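**Q** Provided below: final-v9.txt, containing compact mmCIF, C-alpha atoms.
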# COMPACT_ATOMS: atom_id res chain seq x y z
CA MET S 112 10.56 -136.94 114.06
CA LEU S 113 10.40 -135.07 117.36
CA ILE S 114 11.15 -137.57 120.16
CA GLY S 115 10.57 -136.90 123.86
CA ILE S 116 12.39 -138.56 126.77
CA PRO S 117 10.60 -137.76 130.07
CA LYS S 118 11.88 -138.22 133.59
CA GLU S 119 10.18 -141.21 135.22
CA VAL S 120 7.80 -140.38 138.05
CA LYS S 121 7.01 -143.80 139.48
CA ASP S 122 8.22 -144.37 143.05
CA HIS S 123 12.02 -144.74 143.13
CA GLU S 124 12.18 -145.27 139.37
CA TYR S 125 15.59 -144.09 138.21
CA ARG S 126 15.73 -145.78 134.82
CA VAL S 127 15.49 -143.58 131.73
CA GLY S 128 14.09 -144.37 128.29
CA ALA S 129 17.21 -143.31 126.37
CA THR S 130 20.87 -142.92 127.28
CA PRO S 131 23.08 -140.24 125.69
CA SER S 132 24.35 -142.94 123.35
CA THR S 133 20.78 -143.77 122.33
CA VAL S 134 20.00 -140.09 121.74
CA LYS S 135 23.12 -139.76 119.60
CA ALA S 136 21.79 -142.54 117.36
CA PHE S 137 18.42 -140.79 116.97
CA ILE S 138 20.09 -137.52 116.03
CA ALA S 139 22.40 -139.27 113.56
CA HIS S 140 19.24 -140.41 111.76
CA GLY S 141 17.96 -136.85 111.51
CA HIS S 142 15.56 -136.78 114.45
CA THR S 143 15.17 -134.10 117.10
CA VAL S 144 15.23 -135.16 120.75
CA LEU S 145 13.82 -133.41 123.82
CA VAL S 146 15.04 -134.68 127.20
CA GLU S 147 13.42 -133.59 130.44
CA THR S 148 15.95 -132.08 132.81
CA ARG S 149 17.50 -134.55 135.27
CA ALA S 150 15.88 -137.49 133.46
CA GLY S 151 19.03 -139.60 133.88
CA THR S 152 21.02 -137.70 136.49
CA SER S 153 20.46 -140.25 139.26
CA ILE S 154 22.32 -142.93 137.28
CA GLY S 155 25.08 -140.68 135.95
CA PHE S 156 23.58 -139.39 132.70
CA THR S 157 23.70 -135.62 133.20
CA ASP S 158 21.86 -132.96 131.24
CA GLU S 159 25.23 -131.85 129.86
CA MET S 160 25.86 -135.35 128.47
CA TYR S 161 22.57 -135.26 126.57
CA GLN S 162 23.28 -131.75 125.29
CA ALA S 163 26.74 -132.82 124.15
CA VAL S 164 25.22 -135.33 121.72
CA GLY S 165 22.69 -132.83 120.38
CA ALA S 166 19.58 -133.18 122.53
CA SER S 167 17.59 -130.20 123.80
CA VAL S 168 17.10 -130.34 127.57
CA VAL S 169 13.76 -128.87 128.64
CA GLU S 170 12.53 -127.91 132.07
CA THR S 171 9.02 -129.33 132.16
CA LYS S 172 7.23 -132.54 131.42
CA GLU S 173 4.68 -130.56 129.41
CA GLU S 174 7.40 -129.53 126.96
CA VAL S 175 8.59 -133.11 126.54
CA TYR S 176 5.05 -134.31 125.83
CA GLU S 177 4.83 -131.98 122.82
CA ALA S 178 6.90 -134.62 120.99
CA GLU S 179 5.45 -136.91 118.32
CA MET S 180 6.86 -140.01 120.04
CA ILE S 181 7.44 -140.48 123.77
CA ILE S 182 10.00 -143.10 124.75
CA LYS S 183 10.04 -144.00 128.43
CA VAL S 184 10.39 -147.01 130.72
CA LYS S 185 7.36 -147.53 132.96
CA GLU S 186 3.70 -147.09 132.18
CA PRO S 187 2.34 -143.53 132.36
CA GLN S 188 1.33 -142.49 135.85
CA PRO S 189 -1.94 -140.64 136.56
CA ILE S 190 -0.24 -137.24 136.57
CA GLU S 191 0.97 -137.96 133.03
CA TYR S 192 -2.40 -139.00 131.59
CA PRO S 193 -3.52 -135.44 130.71
CA LEU S 194 -0.28 -134.84 128.80
CA ILE S 195 -0.77 -137.67 126.30
CA LYS S 196 -2.13 -136.47 122.97
CA GLU S 197 -4.18 -137.86 120.10
CA GLY S 198 -1.98 -139.54 117.52
CA GLN S 199 1.08 -139.42 119.77
CA VAL S 200 3.19 -142.59 119.83
CA LEU S 201 3.88 -143.91 123.32
CA PHE S 202 6.66 -146.53 123.40
CA CYS S 203 7.25 -148.11 126.83
CA TYR S 204 6.12 -150.86 129.18
CA LEU S 205 2.34 -150.70 129.69
CA HIS S 206 1.06 -153.85 131.50
CA LEU S 207 -2.54 -152.94 130.72
CA ALA S 208 -4.39 -156.15 131.60
CA PRO S 209 -4.46 -155.49 135.38
CA ASP S 210 -4.80 -151.71 134.96
CA PRO S 211 -8.21 -150.55 133.68
CA ASP S 212 -7.61 -146.94 134.77
CA GLN S 213 -4.50 -146.58 132.62
CA THR S 214 -6.17 -148.40 129.73
CA ASN S 215 -9.14 -146.03 129.81
CA ALA S 216 -6.84 -143.01 129.97
CA LEU S 217 -4.94 -144.18 126.90
CA LEU S 218 -8.17 -144.91 125.04
CA GLU S 219 -9.53 -141.46 125.84
CA SER S 220 -6.31 -139.78 124.73
CA GLY S 221 -6.45 -141.24 121.22
CA CYS S 222 -2.73 -142.09 121.37
CA VAL S 223 -0.84 -144.93 119.72
CA ALA S 224 0.45 -147.03 122.63
CA ILE S 225 3.09 -149.65 121.79
CA ALA S 226 4.05 -151.94 124.68
CA TYR S 227 7.57 -153.27 125.05
CA GLU S 228 6.27 -156.40 126.77
CA THR S 229 4.16 -157.81 123.91
CA ILE S 230 6.55 -157.38 120.96
CA GLU S 231 7.83 -160.76 119.80
CA ASP S 232 10.73 -162.04 117.71
CA GLU S 233 10.84 -164.80 115.12
CA GLN S 234 11.15 -167.48 117.81
CA GLY S 235 8.15 -166.20 119.77
CA ARG S 236 10.36 -164.69 122.48
CA LEU S 237 9.80 -161.27 124.03
CA PRO S 238 12.98 -159.33 123.17
CA LEU S 239 12.10 -156.10 124.99
CA LEU S 240 10.79 -157.83 128.10
CA THR S 241 13.68 -160.31 128.38
CA PRO S 242 16.38 -157.91 129.63
CA MET S 243 14.17 -156.64 132.46
CA SER S 244 13.05 -160.19 133.24
CA GLU S 245 16.71 -161.10 133.64
CA VAL S 246 17.22 -158.21 136.05
CA ALA S 247 14.00 -158.89 137.96
CA GLY S 248 14.80 -162.58 138.35
CA ARG S 249 18.14 -161.78 139.91
CA VAL S 250 16.75 -158.96 142.05
CA SER S 251 14.06 -161.29 143.40
CA ILE S 252 16.70 -163.41 145.13
CA GLN S 253 18.57 -160.40 146.48
CA ALA S 254 15.30 -158.93 147.78
CA GLY S 255 14.12 -162.28 149.12
CA ALA S 256 17.38 -162.92 150.95
CA THR S 257 17.12 -159.48 152.55
CA ALA S 258 13.47 -159.97 153.51
CA LEU S 259 14.40 -163.25 155.23
CA GLN S 260 16.51 -161.32 157.73
CA MET S 261 14.76 -161.02 161.07
CA ALA S 262 15.05 -157.24 161.19
CA ASN S 263 12.89 -157.19 158.06
CA GLY S 264 10.24 -159.60 159.38
CA GLY S 265 11.80 -162.78 158.05
CA ARG S 266 12.54 -165.99 159.90
CA GLY S 267 16.29 -165.49 159.99
CA VAL S 268 17.37 -168.02 157.36
CA LEU S 269 20.61 -167.56 155.43
CA LEU S 270 19.90 -168.96 151.98
CA GLY S 271 23.32 -170.53 151.58
CA GLY S 272 23.56 -171.78 155.14
CA VAL S 273 26.97 -172.30 156.74
CA THR S 274 29.04 -175.28 157.74
CA GLY S 275 26.95 -177.77 159.70
CA THR S 276 23.58 -176.24 158.74
CA LYS S 277 21.10 -176.82 155.96
CA PRO S 278 20.83 -174.24 153.18
CA GLY S 279 17.60 -172.34 152.71
CA LYS S 280 14.95 -173.85 150.44
CA VAL S 281 13.93 -171.80 147.42
CA LEU S 282 10.95 -172.60 145.17
CA VAL S 283 10.72 -170.88 141.80
CA VAL S 284 7.27 -171.09 140.21
CA GLY S 285 7.76 -170.68 136.47
CA GLY S 286 10.81 -171.71 134.48
CA GLY S 287 11.01 -168.86 131.96
CA VAL S 288 13.56 -166.06 131.85
CA VAL S 289 12.71 -164.71 135.32
CA GLY S 290 12.63 -168.17 136.86
CA THR S 291 15.90 -169.22 135.27
CA GLU S 292 17.73 -166.13 136.48
CA ALA S 293 16.23 -166.47 139.96
CA ALA S 294 17.30 -170.12 140.14
CA LYS S 295 20.78 -169.26 138.92
CA MET S 296 21.19 -166.57 141.58
CA ALA S 297 19.79 -168.77 144.36
CA MET S 298 22.08 -171.64 143.43
CA GLY S 299 24.98 -169.21 143.36
CA LEU S 300 24.24 -168.41 147.00
CA GLY S 301 24.21 -172.12 147.81
CA ALA S 302 20.46 -172.51 148.33
CA ASP S 303 18.45 -175.70 147.77
CA VAL S 304 16.50 -174.75 144.63
CA THR S 305 13.47 -176.31 142.92
CA VAL S 306 11.81 -174.95 139.78
CA PHE S 307 8.16 -175.69 138.98
CA ASP S 308 6.83 -175.45 135.43
CA ARG S 309 4.17 -177.09 133.25
CA ASN S 310 6.41 -177.33 130.22
CA ILE S 311 8.27 -180.65 130.37
CA SER S 312 10.62 -179.58 127.59
CA ARG S 313 11.59 -176.50 129.55
CA LEU S 314 12.20 -178.52 132.70
CA ARG S 315 14.39 -180.87 130.69
CA GLU S 316 16.40 -177.92 129.34
CA LEU S 317 16.93 -176.62 132.86
CA GLU S 318 18.13 -180.02 134.06
CA MET S 319 20.55 -180.27 131.15
CA THR S 320 21.87 -176.77 131.89
CA PHE S 321 22.27 -177.00 135.66
CA GLY S 322 22.49 -180.73 136.30
CA SER S 323 21.98 -182.11 139.78
CA ARG S 324 22.37 -178.67 141.40
CA LEU S 325 18.78 -177.89 140.39
CA LYS S 326 15.62 -179.86 141.15
CA THR S 327 12.69 -179.64 138.74
CA MET S 328 9.04 -180.55 139.27
CA TYR S 329 6.03 -180.57 137.00
CA SER S 330 3.66 -177.95 138.38
CA THR S 331 0.38 -179.27 139.69
CA GLU S 332 -1.66 -177.78 142.50
CA GLU S 333 -1.03 -180.85 144.63
CA ALA S 334 2.74 -180.87 144.12
CA LEU S 335 3.07 -177.14 144.71
CA SER S 336 0.88 -177.31 147.82
CA GLU S 337 3.11 -179.99 149.30
CA GLU S 338 6.48 -178.41 148.49
CA ILE S 339 5.59 -174.86 149.44
CA LYS S 340 5.13 -175.80 153.10
CA ASP S 341 8.88 -176.20 153.61
CA ALA S 342 10.04 -173.30 151.46
CA ASP S 343 11.94 -170.38 152.95
CA LEU S 344 11.65 -168.27 149.80
CA VAL S 345 9.14 -168.62 146.96
CA VAL S 346 9.57 -166.68 143.74
CA GLY S 347 6.50 -166.29 141.52
CA SER S 348 7.56 -165.94 137.89
CA VAL S 349 4.49 -166.98 135.93
CA LEU S 350 3.89 -165.19 132.64
CA ILE S 351 1.29 -165.32 129.88
CA PRO S 352 2.28 -162.48 127.50
CA GLY S 353 -0.01 -159.49 127.84
CA LYS S 354 -2.54 -161.28 130.05
CA MET S 355 -3.33 -161.14 133.73
CA ALA S 356 -1.07 -163.59 135.56
CA PRO S 357 -2.94 -166.71 136.69
CA LYS S 358 -3.33 -167.13 140.45
CA VAL S 359 -1.39 -170.38 140.70
CA ILE S 360 -0.56 -169.83 144.39
CA THR S 361 -3.65 -169.89 146.57
CA ARG S 362 -4.19 -168.26 149.94
CA GLU S 363 -4.29 -171.73 151.49
CA MET S 364 -0.83 -172.45 150.10
CA VAL S 365 0.53 -169.22 151.56
CA ARG S 366 -1.13 -169.96 154.89
CA SER S 367 0.66 -173.30 155.01
CA MET S 368 4.08 -171.68 154.72
CA LYS S 369 6.26 -171.14 157.78
CA ASP S 370 5.91 -167.85 159.62
CA GLY S 371 8.60 -165.45 158.45
CA SER S 372 9.14 -167.16 155.11
CA VAL S 373 9.14 -164.91 152.04
CA PHE S 374 7.14 -164.71 148.83
CA CYS S 375 8.48 -162.54 146.00
CA ASP S 376 5.96 -161.99 143.20
CA VAL S 377 7.76 -160.97 140.03
CA ALA S 378 4.46 -161.35 138.14
CA ILE S 379 2.97 -158.41 140.02
CA ASP S 380 3.21 -156.14 136.94
CA GLN S 381 0.60 -158.41 135.37
CA GLY S 382 -1.54 -158.58 138.51
CA GLY S 383 0.46 -161.13 140.51
CA CYS S 384 0.37 -164.92 140.61
CA SER S 385 -0.82 -165.35 144.21
CA GLU S 386 -4.21 -164.68 145.75
CA THR S 387 -2.37 -162.79 148.50
CA SER S 388 -0.40 -160.45 146.23
CA LYS S 389 -0.92 -156.70 146.03
CA PRO S 390 1.37 -154.08 144.47
CA THR S 391 4.04 -152.44 146.62
CA THR S 392 6.70 -149.78 146.05
CA HIS S 393 10.40 -149.41 146.72
CA THR S 394 9.48 -146.97 149.49
CA SER S 395 7.34 -149.60 151.22
CA PRO S 396 8.34 -152.87 149.54
CA THR S 397 6.94 -155.55 151.84
CA TYR S 398 3.91 -156.50 153.88
CA ILE S 399 3.00 -159.57 155.93
CA GLU S 400 0.02 -161.67 154.93
CA GLU S 401 -0.80 -165.07 156.50
CA GLY S 402 2.48 -164.78 158.42
CA VAL S 403 4.51 -164.60 155.18
CA VAL S 404 6.60 -161.59 154.12
CA HIS S 405 5.45 -160.49 150.64
CA TYR S 406 7.71 -158.50 148.30
CA CYS S 407 5.57 -157.28 145.38
CA VAL S 408 7.32 -154.20 143.99
CA THR S 409 5.96 -153.35 140.55
CA ASN S 410 9.25 -151.98 139.21
CA MET S 411 11.84 -154.34 140.64
CA PRO S 412 14.53 -153.58 137.99
CA GLY S 413 14.38 -149.93 139.05
CA SER S 414 16.42 -150.88 142.12
CA CYS S 415 19.36 -151.58 139.80
CA ALA S 416 18.59 -148.70 137.46
CA TYR S 417 21.99 -148.19 135.84
CA THR S 418 22.40 -151.80 134.74
CA ALA S 419 18.72 -152.05 133.82
CA THR S 420 18.77 -148.88 131.70
CA LEU S 421 21.73 -150.07 129.66
CA ALA S 422 20.16 -153.51 129.14
CA LEU S 423 16.80 -152.01 128.17
CA THR S 424 18.04 -149.34 125.77
CA ASN S 425 20.32 -151.84 124.06
CA ALA S 426 17.19 -153.84 123.26
CA THR S 427 14.80 -151.01 122.36
CA LEU S 428 17.01 -148.83 120.15
CA ASN S 429 16.49 -150.57 116.81
CA TYR S 430 12.73 -150.76 117.33
CA ALA S 431 12.56 -147.09 118.30
CA LEU S 432 14.63 -146.12 115.26
CA LYS S 433 12.32 -148.07 113.00
CA LEU S 434 9.27 -146.29 114.39
CA ALA S 435 10.97 -142.91 114.08
CA ASN S 436 12.49 -143.47 110.63
CA GLU S 437 9.44 -144.98 108.97
CA GLY S 438 6.58 -143.59 111.05
CA TYR S 439 4.43 -145.91 113.11
CA ARG S 440 1.95 -146.78 110.32
CA LYS S 441 4.59 -148.09 107.92
CA ALA S 442 6.74 -149.64 110.65
CA LEU S 443 3.85 -151.58 112.16
CA SER S 444 2.23 -152.54 108.86
CA GLU S 445 5.47 -154.02 107.51
CA ASP S 446 6.47 -155.85 110.69
CA PRO S 447 3.80 -158.15 112.18
CA LEU S 448 6.03 -158.92 115.19
CA LEU S 449 6.34 -155.23 116.03
CA MET S 450 2.59 -154.93 115.41
CA LEU S 451 2.07 -157.27 118.38
CA GLY S 452 3.27 -154.42 120.57
CA LEU S 453 0.36 -152.19 119.55
CA ASN S 454 -2.01 -152.36 122.52
CA VAL S 455 -4.07 -149.20 122.05
CA CYS S 456 -4.58 -147.18 118.87
CA GLN S 457 -6.80 -144.18 118.27
CA GLY S 458 -9.26 -145.03 121.03
CA LYS S 459 -9.41 -148.80 120.45
CA VAL S 460 -7.82 -151.80 122.18
CA THR S 461 -5.70 -153.57 119.58
CA TYR S 462 -4.17 -156.38 121.64
CA GLU S 463 -6.66 -159.19 122.11
CA PRO S 464 -5.48 -160.58 125.50
CA VAL S 465 -5.85 -157.10 127.05
CA ALA S 466 -9.31 -156.67 125.57
CA ASN S 467 -10.38 -160.09 126.86
CA ASP S 468 -9.06 -159.54 130.39
CA LEU S 469 -10.66 -156.11 130.71
CA GLY S 470 -13.92 -156.99 129.00
CA LEU S 471 -13.38 -154.45 126.23
CA GLU S 472 -13.99 -154.69 122.51
CA TYR S 473 -11.00 -155.83 120.48
CA ALA S 474 -10.15 -154.06 117.23
CA ASP S 475 -7.87 -155.68 114.67
CA PRO S 476 -4.91 -153.27 114.34
CA ARG S 477 -4.44 -154.14 110.66
CA TRP S 478 -7.82 -152.69 109.80
CA ILE S 479 -7.23 -149.58 111.90
CA LEU S 480 -3.92 -148.87 110.16
CA LEU S 481 -5.50 -149.54 106.77
CA GLU S 482 -8.35 -147.12 107.53
CA GLU S 483 -5.82 -144.48 108.62
CA ALA S 484 -3.87 -144.93 105.41
CA LEU S 485 -7.02 -144.42 103.33
CA VAL S 486 -8.05 -141.22 105.11
What do you get writing this file as structure tokens?
**A**
Amino acid sequence: MLIGIPKEVKDHEYRVGATPSTVKAFIAHGHTVLVETRAGTSIGFTDEMYQAVGASVVETKEEVYEAEMIIKVKEPQPIEYPLIKEGQVLFCYLHLAPDPDQTNALLESGCVAIAYETIEDEQGRLPLLTPMSEVAGRVSIQAGATALQMANGGRGVLLGGVTGTKPGKVLVVGGGVVGTEAAKMAMGLGADVTVFDRNISRLRELEMTFGSRLKTMYSTEEALSEEIKDADLVVGSVLIPGKMAPKVITREMVRSMKDGSVFCDVAIDQGGCSETSKPTTHTSPTYIEEGVVHYCVTNMPGSCAYTATLALTNATLNYALKLANEGYRKALSEDPLLMLGLNVCQGKVTYEPVANDLGLEYADPRWILLEEALV
């Protein structure tokens, strides 16, 4: 198979869909790889390193998009839409539910779009989302601590405090992978940390893991409304796989927070979990709404691109090899958990939560693949 690795074009996105080591594995399995020039240069993966393992480095994005399968990190940007072809496999993060423009572009292209974020494993976990959730959870505390500095619009609170002062108060809304990593980082800084979740079993697991260092609370609107008033940093980490994030934090809650406190919405890729959230970029990462500094960057792991690229490609390699070795029809048909990643196929939405959120017709991917096989 001819595989293309483009250079990311999203604002300050330095991750790359395949490292030289990843490319070497593709070539060892008999595939041909095109890498766009300077795709990984910013994080130390030079064109020469890709060439040394057998890849062809090409000058333009148009050349890369001649490949049968495109492997990248972030969702295609508008300038990439015209390059996507009918029948071409697109393997990357998509986050379609809050993005009707991208969804329509993929439908019109006739491509086969497989989303990292909706593939599951045998335990119902999200193996290709987890590594970036780990990074984003940790970055949220780093970014939140920075935003709390007065020069950045914050109220001047040091999360860990110092001798004779109280530590900063951190609320983490959602106790999944992002929330756990955020809580771990915040506790490491010495902050006073509380995690909200609606899964009692998960709260119990967190208490058993972290003991008395971590407070847990069952998430109700009343409890969250009360606790959020005193928070210095709130991290939103609510996730329903593939769906728009629910708006669990209302404008009234944000308005009740102290001026100069910070809200970091890690759910922004799926539309955000606050009524006050709107996407931002690494170039302009924050804005102030209701007196609260909001950090809502849609590619948070891109700020730690070297670490994030290694973590991501470690997770995606075996899935990408399966798609390349077997072809997408066989690979998806034989693996129902990989099939869950198929969001758009040949002009149809094939992931039901996306179809429901965008008001589009859902098509069962099993029937589409069967019809293709019979043609």
**Q** When you count all atoms listed in the file, which of these residues is closest to Glu333 in chain S: S:Phe307, S:Gln234, S:Val349, S:Gly286?
**A**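 Ranking S:Phe307, S:Gln234, S:Val349, S:Gly286 by distance to Glu333 in chain S, first place goes to S:Phe307.
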**Q** So what do you get for CA of Pro357 in chain S versus CA of Leu201 in chain S, distance-wise?
**A**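 Distance between the two atoms: 27.3 Å.
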**Q** Considering all atoms listed in the file, return as an MDAnalysis selection string whatever protein or nucleic-acid residues lie within 6 Å of range 113-130 of chain S, sequence-local ones (same chain, fewer than 2 positions apart) excluded.
**A** chainID S and resid 132:133 143:147 150:151 175 178:184 413 416 420
**Q** From the options S:Leu269, S:Ala466, S:Leu350, S:Leu453, which residue's atoms come nearest to Ala226 in chain S, counting only C-alpha atoms?
**A** S:Leu453
**Q** For Lys135 in chain S, list every protein, DNA or RNA residue within 10 Å, evaluated using only C-alpha atoms, and leave out those in the same chain fewer than 6 positions away; present the list as an mmCIF file with C-alpha atoms, keeping the file's coordinate frame.
**A**
data_model
loop_
_atom_site.group_PDB
_atom_site.id
_atom_site.type_symbol
_atom_site.label_atom_id
_atom_site.label_comp_id
_atom_site.auth_asym_id
_atom_site.auth_seq_id
_atom_site.Cartn_x
_atom_site.Cartn_y
_atom_site.Cartn_z
ATOM 1 C CA ALA S 129 17.210 -143.310 126.370
ATOM 2 C CA HIS S 142 15.560 -136.780 114.450
ATOM 3 C CA VAL S 144 15.230 -135.160 120.750
ATOM 4 C CA TYR S 161 22.570 -135.260 126.570
ATOM 5 C CA GLN S 162 23.280 -131.750 125.290
ATOM 6 C CA ALA S 163 26.740 -132.820 124.150
ATOM 7 C CA VAL S 164 25.220 -135.330 121.720
ATOM 8 C CA GLY S 165 22.690 -132.830 120.380
ATOM 9 C CA ALA S 166 19.580 -133.180 122.530
#
**Q** Kindly indicate which residue among S:Tyr473, S:Tyr227, S:Tyr204, S:Phe156 lies nearest to Tyr430 in chain S, using all atoms listed in the file for the distances.
**A**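 The answer is S:Tyr227, which sits nearest to Tyr430 in chain S.
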**Q** Could you list, as a VMD selection string, every residue within 8 Å of Asp303 in chain S, counting only C-alpha atoms and ignoring same-chain residues fewer than 6 positions away?
**A** chain S and resid 278 to 281 297 325
**Q** Report the closest atom pair, with its distance in Å rounded to one decimal, for each residue of range 154-251 of chain S that has an atom no farther than 8 Å from range 368-384 of chain S; count only C-alpha atoms, sort by chain and then rising residue number, and write it as CSV.
**A**
residue,atom,partner,partner_atom,distance
S:His206,CA,S:Gln381,CA,6.0
S:Leu207,CA,S:Gln381,CA,7.8
S:Ala208,CA,S:Gln381,CA,6.6
S:Pro209,CA,S:Gly382,CA,5.3
S:Ala247,CA,S:Val377,CA,6.9
S:Gly248,CA,S:Val377,CA,7.4
S:Ser251,CA,S:Cys375,CA,6.3
**Q** Which residue is closest to Leu218 in chain S? Choose from S:Ile230, S:Ile195, S:Met296, S:Val134 and count only C-alpha atoms.
**A** S:Ile195
**Q** Would you work out the distance separating CA of Ala422 in chain S from CA of Ser244 in chain S, expressed in Å to one decimal?
**A**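 According to the coordinates, CA of Ala422 in chain S and CA of Ser244 in chain S are separated by 10.6 Å.
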**Q** For CA of Gly265 in chain S and CA of Ala334 in chain S, quote the distance in Å rounded to one decimal.
**A**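 Taking CA of Gly265 in chain S as the start and CA of Ala334 in chain S as the end point, the length is 24.6 Å.
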**Q** Up to 9 Å from (10.4, -172.8, 146.0) in the file's coordinates: name the residues, counting all atoms listed in the file, as a ChimeraX atom specification.
**A** /S:280-284,303-307,335,338-339,341-347
